[in-house]
Amino acid sequence: MKEKQIQKDNQISSRLVFLLAAACGLIVANLYYAQTLVGPIRIDTELSSTAAGLIVTVTQIGYVIGLLFIVPVSDIVENRRLTVVSLLAAAGSLLTASIATNAPLFLAASLFIGLASVAAQILVPFSTYLAAEEQRGQVVGNVMSGLLLGILFARPLASLLTSIWGWRSVFALSAIAMALLAVLLSRVLPRRNPLPAVSYGNLIVSLGALLRRTPALRRRALYQACLFGAFSLFWTVVPLRLADDFGMSQQGIALFALVGVGGAAAAPIAGRLADKGWSSRLTGLAIVVAVLSFVAVHLFRGHSALSLILLFVSAITLDMAVSGNLVLGQRTIYALGSEARGRLNGLFMSIFFVGGALGSALGGWSYAYGGWRLASMIGFVLPMIALLYYFTEKRTAEVGVSEKKSG
């Protein structure tokens with residue numbers, strides 16, 4: 001099916017939206033399983049304590065590489081085939097990780113897990129090709145809800161499976177899930193054949209030019225990088241605070257992680273409101289909510305019941321801010337042009353994912369040297385940077401352009 005044909009037949013069923021949301025959640029969860037399993041993996045693969053951080057970092061590096069060099073290929077290669085091949089590669093990498101007995105093999109598998117997991121970022125823009133223009137924000141919001149639920153459920157699910165069958169079962173079961181998903185999507189997804197106008201080499205070279213000439217992309221990427229950095233800092237540090245200041249066990253921390261799942265409800269709501277032209281106002285609201293989330297937990301940082309309650313509340317509100325703003329950002333950049341949607345998405349995701357990696361690193365460093373006080377202060381500064389930048393926004397620079405195209 002040619003590009004123009006798929007645009008005409010733009011009715012997408014709720015069943016297919018659900019499948020795409022579930023697929024994105026299952027795929028992106030592969031990036032986060034290892035975060036709560038560093039201890040047992042380090043012991044079994046004989047990785048040194050100082051190098052244990054590589055278990056998560058290598059996966060993130062693979063993901064960023066995939067965002068920059070694989071996701072843009074969706075602009076010139078048939079999307080269903082690209083998705084299926086990526087899922088099969090993910091299944092093989094996960095299976096390798098599940099049987100790895102030494103650090104080099106596990107780390108190599110982790111790199112390819114990150115690379116192949118960009119299949120989720122092929123499916124998200126793919127969903128917009130299947131949707132009518134007036135429902136695009138809603139569809140993106142629903143699909144992103146699945147992706148965000150995958151992120152939020154991955155850590156507690158990995159801890160639970162490890163406590164029952166060991167850490168290797170997490171990767172083995174996910175490998176099976178990826179293989180089954182590849183078969184299912186190969187049968188259900190329609191074909192999408194882009195009309196390639198450039199070679200792969202020119203496609204990659206065009207990323208820099210695309211970033212330079214698309215101010216809306218730069219603005220949205222910076223907003224989300226700051227918010228996702230704060231989100232990553234929070235979820236890197238809060239388990240340490242819960243254990244140190246409130247004496248929570250690993251099971252209690254896993255249950256706390258489930259609290260943030262409620263924040264994913266903001267994604268479809270933000271998508272529907274964006275379809276009505278509320279993108280700019282909702283962006284400002286999301287950033288302010290992220291700022292206030294850290295104000296609350298910074299001012300009340302003792303060991304009281306109120307401090308713990310505020311941590312629960314902030315976990316939900318911060319997740320709502322990040323998930324809602326993510327949908328708003330994608331809604332904006334997808335309206336900039338269908339022929340470059342894969343590249344736009346790859347750039348957007350890679351920039352804000354780098355922000356998340358920076359937030360995680362700052363969280364670990366700040367908690368080690370200044371405890372929760374310093375960590376929460378940095379968490380406050382990150383969305384404040386986004387808020388100050390938001391005040392420079394002009395409707396003609398972003399909203400006026402993107403919302404004209406989005407109706």
# chains A, B, ... in the order shown; residues from 1 in each chain; ligands from 1

$ select_by_dssp --residues "segment 18-83 of chain A" --states "helix (DSSP H, G or I)" --output "PyMOL selection string"
chain A and resi 18-31+33-36+38-44+54-69+71-75+79-83

$ residues_around --residues "Gly262 of chain A" --least-positions-apart "6" --cutoff "10 Å" --atoms "only C-alpha atoms" --output "PyMOL selection string"
chain A and resi 149+152+315-317+319-320

$ write_last_selection --atoms "N, CA and C atoms" --output "PDB file, in the first residue's frame"
ATOM      1  N   LEU A 149       2.806   3.067  30.491  1.00  0.00           N
ATOM      2  CA  LEU A 149       2.494   1.993  31.436  1.00  0.00           C
ATOM      3  C   LEU A 149       3.587   0.924  31.400  1.00  0.00           C
ATOM      4  N   LEU A 152       6.385   2.243  33.543  1.00  0.00           N
ATOM      5  CA  LEU A 152       6.076   2.272  34.970  1.00  0.00           C
ATOM      6  C   LEU A 152       5.925   0.875  35.573  1.00  0.00           C
ATOM      7  N   ALA A 315       4.683  11.642  43.071  1.00  0.00           N
ATOM      8  CA  ALA A 315       4.945  10.588  42.085  1.00  0.00           C
ATOM      9  C   ALA A 315       3.859  10.580  41.015  1.00  0.00           C
ATOM     10  N   ILE A 316       2.612  10.773  41.442  1.00  0.00           N
ATOM     11  CA  ILE A 316       1.497  10.775  40.488  1.00  0.00           C
ATOM     12  C   ILE A 316       1.503  12.038  39.643  1.00  0.00           C
ATOM     13  N   THR A 317       1.638  13.200  40.298  1.00  0.00           N
ATOM     14  CA  THR A 317       1.561  14.458  39.551  1.00  0.00           C
ATOM     15  C   THR A 317       2.741  14.633  38.603  1.00  0.00           C
ATOM     16  N   ASP A 319       4.409  12.186  37.136  1.00  0.00           N
ATOM     17  CA  ASP A 319       4.177  11.276  36.010  1.00  0.00           C
ATOM     18  C   ASP A 319       3.100  11.823  35.073  1.00  0.00           C
ATOM     19  N   MET A 320       2.092  12.473  35.635  1.00  0.00           N
ATOM     20  CA  MET A 320       1.056  13.081  34.810  1.00  0.00           C
ATOM     21  C   MET A 320       1.636  14.197  33.940  1.00  0.00           C
TER      22      MET A 320
END

$ atom_distance --atom1 "atom CA of Leu19 of chain A" --atom2 "atom CA of Leu185 of chain A"
8.7 Å

$ residues_around --residues "Glu46 of chain A" --least-positions-apart "6" --cutoff "9 Å" --atoms "only C-alpha atoms" --output "list in words"
Thr101, Asn102 and Ala103 of chain A

$ residues_around --residues "Ser376 of chain A" --least-positions-apart "2" --cutoff "12 Å" --atoms "only C-alpha atoms" --output "MDAnalysis selection string"
chainID A and resid 230:238 241 290:301 311 314 359 362:364 366:367 370:374 378:383

$ write_last_selection --atoms "N, CA and C atoms" --output "CSV table (one decimal), in the first residue's frame"
chain,number,residue,atom,x,y,z
A,230,ALA,N,13.9,15.4,35.1
A,230,ALA,CA,13.3,15.5,36.5
A,230,ALA,C,12.7,14.2,36.9
A,231,PHE,N,11.9,13.6,36.0
A,231,PHE,CA,11.2,12.3,36.2
A,231,PHE,C,12.3,11.2,36.5
A,232,SER,N,13.3,11.1,35.7
A,232,SER,CA,14.4,10.1,35.9
A,232,SER,C,15.1,10.3,37.2
A,233,LEU,N,15.4,11.6,37.5
A,233,LEU,CA,16.0,11.9,38.8
A,233,LEU,C,15.2,11.4,40.0
A,234,PHE,N,13.9,11.7,39.9
A,234,PHE,CA,13.0,11.3,41.0
A,234,PHE,C,13.0,9.8,41.2
A,235,TRP,N,12.8,9.0,40.1
A,235,TRP,CA,12.7,7.6,40.2
A,235,TRP,C,14.0,6.9,40.4
A,236,THR,N,15.1,7.6,40.2
A,236,THR,CA,16.4,7.1,40.6
A,236,THR,C,16.7,7.2,42.1
A,237,VAL,N,16.2,8.4,42.6
A,237,VAL,CA,16.6,8.7,44.0
A,237,VAL,C,15.5,8.3,45.0
A,238,VAL,N,14.2,8.3,44.6
A,238,VAL,CA,13.2,8.0,45.6
A,238,VAL,C,13.3,6.6,46.2
A,241,ARG,N,15.6,7.1,49.1
A,241,ARG,CA,14.9,7.8,50.2
A,241,ARG,C,13.9,7.0,51.0
A,290,ALA,N,5.0,19.9,37.2
A,290,ALA,CA,6.3,19.3,37.5
A,290,ALA,C,7.1,20.1,38.5
A,291,VAL,N,7.1,21.4,38.3
A,291,VAL,CA,7.8,22.3,39.3
A,291,VAL,C,7.2,22.1,40.7
A,292,LEU,N,5.9,22.2,40.8
A,292,LEU,CA,5.3,22.1,42.1
A,292,LEU,C,5.4,20.8,42.8
A,293,SER,N,5.6,19.7,41.9
A,293,SER,CA,5.8,18.4,42.5
A,293,SER,C,7.1,18.3,43.3
A,294,PHE,N,8.1,19.0,42.8
A,294,PHE,CA,9.4,19.0,43.5
A,294,PHE,C,9.4,20.0,44.7
A,295,VAL,N,8.6,21.1,44.5
A,295,VAL,CA,8.5,22.1,45.6
A,295,VAL,C,8.0,21.4,46.9
A,296,ALA,N,6.9,20.6,46.7
A,296,ALA,CA,6.3,19.9,47.8
A,296,ALA,C,7.2,19.0,48.5
A,297,VAL,N,7.9,18.2,47.8
A,297,VAL,CA,8.8,17.2,48.4
A,297,VAL,C,10.1,17.8,48.9
A,298,HIS,N,10.4,18.9,48.4
A,298,HIS,CA,11.7,19.6,48.9
A,298,HIS,C,11.4,20.3,50.2
A,299,LEU,N,10.2,21.0,50.4
A,299,LEU,CA,9.9,21.7,51.6
A,299,LEU,C,9.6,20.8,52.7
A,300,PHE,N,9.0,19.6,52.5
A,300,PHE,CA,8.7,18.6,53.5
A,300,PHE,C,9.5,17.4,53.3
A,301,ARG,N,10.8,17.4,53.8
A,301,ARG,CA,11.7,16.3,53.5
A,301,ARG,C,12.1,15.6,54.7
A,311,LEU,N,5.3,12.4,48.9
A,311,LEU,CA,6.0,11.6,47.9
A,311,LEU,C,5.1,10.8,47.0
A,314,SER,N,3.4,13.4,44.7
A,314,SER,CA,4.3,13.9,43.7
A,314,SER,C,4.6,12.9,42.7
A,359,GLY,N,19.4,13.2,33.9
A,359,GLY,CA,18.7,13.3,35.2
A,359,GLY,C,19.0,12.1,36.1
A,362,LEU,N,22.5,12.7,37.5
A,362,LEU,CA,22.5,13.8,38.5
A,362,LEU,C,21.9,13.3,39.8
A,363,GLY,N,20.8,12.5,39.7
A,363,GLY,CA,20.2,12.0,40.8
A,363,GLY,C,21.1,11.2,41.7
A,364,GLY,N,21.8,10.2,41.1
A,364,GLY,CA,22.7,9.4,41.9
A,364,GLY,C,23.8,10.2,42.5
A,366,SER,N,23.8,13.6,43.2
A,366,SER,CA,23.3,14.5,44.2
A,366,SER,C,22.9,13.9,45.5
A,367,TYR,N,22.3,12.7,45.4
A,367,TYR,CA,21.9,12.0,46.6
A,367,TYR,C,23.2,11.5,47.4
A,370,GLY,N,24.7,15.1,48.7
A,370,GLY,CA,23.8,16.1,49.4
A,370,GLY,C,22.5,15.6,49.8
A,371,GLY,N,22.3,14.2,49.7
A,371,GLY,CA,21.1,13.6,50.2
A,371,GLY,C,19.8,14.1,49.4
A,372,TRP,N,18.7,13.9,50.0
A,372,TRP,CA,17.4,14.2,49.3
A,372,TRP,C,17.3,15.8,49.1
A,373,ARG,N,17.9,16.5,50.0
A,373,ARG,CA,17.8,18.0,49.9
A,373,ARG,C,18.4,18.5,48.5
A,374,LEU,N,19.6,18.1,48.2
A,374,LEU,CA,20.3,18.5,47.0
A,374,LEU,C,19.6,17.8,45.8
A,378,ILE,N,17.8,19.9,42.6
A,378,ILE,CA,18.1,19.8,41.2
A,378,ILE,C,16.8,19.4,40.4
A,379,GLY,N,16.0,18.5,41.0
A,379,GLY,CA,14.8,18.1,40.4
A,379,GLY,C,13.9,19.3,40.2
A,380,PHE,N,13.9,20.3,41.1
A,380,PHE,CA,13.1,21.5,40.9
A,380,PHE,C,13.7,22.4,39.8
A,381,VAL,N,15.0,22.5,39.7
A,381,VAL,CA,15.7,23.4,38.7
A,381,VAL,C,15.4,22.9,37.3
A,382,LEU,N,15.4,21.6,37.0
A,382,LEU,CA,15.2,21.1,35.7
A,382,LEU,C,13.9,21.5,35.0
A,383,PRO,N,12.7,21.3,35.7
A,383,PRO,CA,11.5,21.9,35.0
A,383,PRO,C,11.4,23.4,35.0

$ residues_around --residues "Leu20 of chain A" --least-positions-apart "6" --cutoff "10 Å" --atoms "only C-alpha atoms" --output "list in words"
Ser14, Leu26, Ala120, Leu123, Val124, Phe126, Ser127, Val139, Asn142, Val143, Met144, Gly146, Leu147, Leu185 and Leu189 of chain A

$ residues_around --residues "Asn325 of chain A" --least-positions-apart "2" --cutoff "8 Å" --atoms "only C-alpha atoms" --output "PyMOL selection string"
chain A and resi 224+267+270+282-283+286-287+321-323+327-329

$ write_last_selection --atoms "N, CA and C atoms" --output "PDB file, in the first residue's frame"
ATOM      1  N   GLN A 224      10.616  18.517  26.934  1.00  0.00           N
ATOM      2  CA  GLN A 224      10.492  17.141  27.397  1.00  0.00           C
ATOM      3  C   GLN A 224      11.788  16.630  28.010  1.00  0.00           C
ATOM      4  N   ALA A 267      -2.084  11.005  29.561  1.00  0.00           N
ATOM      5  CA  ALA A 267      -1.706  10.971  28.140  1.00  0.00           C
ATOM      6  C   ALA A 267      -2.905  11.051  27.193  1.00  0.00           C
ATOM      7  N   ALA A 270      -4.601  14.500  27.491  1.00  0.00           N
ATOM      8  CA  ALA A 270      -3.825  15.547  26.823  1.00  0.00           C
ATOM      9  C   ALA A 270      -3.973  15.455  25.315  1.00  0.00           C
ATOM     10  N   LEU A 282      -1.767  23.724  27.823  1.00  0.00           N
ATOM     11  CA  LEU A 282      -1.513  22.485  28.548  1.00  0.00           C
ATOM     12  C   LEU A 282      -0.017  22.258  28.771  1.00  0.00           C
ATOM     13  N   THR A 283       0.802  22.706  27.833  1.00  0.00           N
ATOM     14  CA  THR A 283       2.248  22.597  28.013  1.00  0.00           C
ATOM     15  C   THR A 283       2.686  23.389  29.237  1.00  0.00           C
ATOM     16  N   ALA A 286       1.552  21.585  32.377  1.00  0.00           N
ATOM     17  CA  ALA A 286       2.359  20.392  32.675  1.00  0.00           C
ATOM     18  C   ALA A 286       3.686  20.785  33.325  1.00  0.00           C
ATOM     19  N   ILE A 287       4.323  21.813  32.807  1.00  0.00           N
ATOM     20  CA  ILE A 287       5.612  22.240  33.354  1.00  0.00           C
ATOM     21  C   ILE A 287       5.436  22.769  34.774  1.00  0.00           C
ATOM     22  N   ALA A 321       2.490  15.020  34.547  1.00  0.00           N
ATOM     23  CA  ALA A 321       3.101  16.129  33.812  1.00  0.00           C
ATOM     24  C   ALA A 321       3.961  15.623  32.660  1.00  0.00           C
ATOM     25  N   VAL A 322       4.774  14.607  32.938  1.00  0.00           N
ATOM     26  CA  VAL A 322       5.688  14.085  31.922  1.00  0.00           C
ATOM     27  C   VAL A 322       4.927  13.378  30.810  1.00  0.00           C
ATOM     28  N   SER A 323       3.955  12.539  31.163  1.00  0.00           N
ATOM     29  CA  SER A 323       3.211  11.798  30.145  1.00  0.00           C
ATOM     30  C   SER A 323       2.335  12.725  29.313  1.00  0.00           C
ATOM     31  N   VAL A 327       2.859  13.609  25.044  1.00  0.00           N
ATOM     32  CA  VAL A 327       1.852  13.512  23.989  1.00  0.00           C
ATOM     33  C   VAL A 327       1.692  14.849  23.260  1.00  0.00           C
ATOM     34  N   LEU A 328       1.705  15.940  24.021  1.00  0.00           N
ATOM     35  CA  LEU A 328       1.602  17.261  23.402  1.00  0.00           C
ATOM     36  C   LEU A 328       2.765  17.519  22.453  1.00  0.00           C
ATOM     37  N   GLY A 329       3.953  17.114  22.875  1.00  0.00           N
ATOM     38  CA  GLY A 329       5.122  17.297  22.026  1.00  0.00           C
ATOM     39  C   GLY A 329       5.040  16.492  20.757  1.00  0.00           C
TER      40      GLY A 329
END

$ atom_distance --atom1 "atom CA of Asp244 of chain A" --atom2 "atom CA of Pro40 of chain A"
20.7 Å

$ atom_distance --atom1 "atom CA of Gln330 of chain A" --atom2 "atom CA of Leu111 of chain A"
25.9 Å

$ closest_residue --among "A:Gly277, A:Gly114, A:Pro268, A:Gly284" --to "Ala89 of chain A" --atoms "only C-alpha atoms"
A:Gly114

$ closest_residue --among "A:Ile76, A:Val64, A:Ala34, A:Val170" --to "Tyr200 of chain A" --atoms "only C-alpha atoms"
A:Ile76

$ residues_around --residues "Leu107 of chain A" --least-positions-apart "2" --cutoff "8 Å" --atoms "only C-alpha atoms" --output "PyMOL selection string"
chain A and resi 54-55+58+103-105+109-111

$ closest_residue --among "A:Tyr129, A:Phe112, A:Trp167, A:Phe69" --to "Val205 of chain A" --atoms "only C-alpha atoms"
A:Phe69
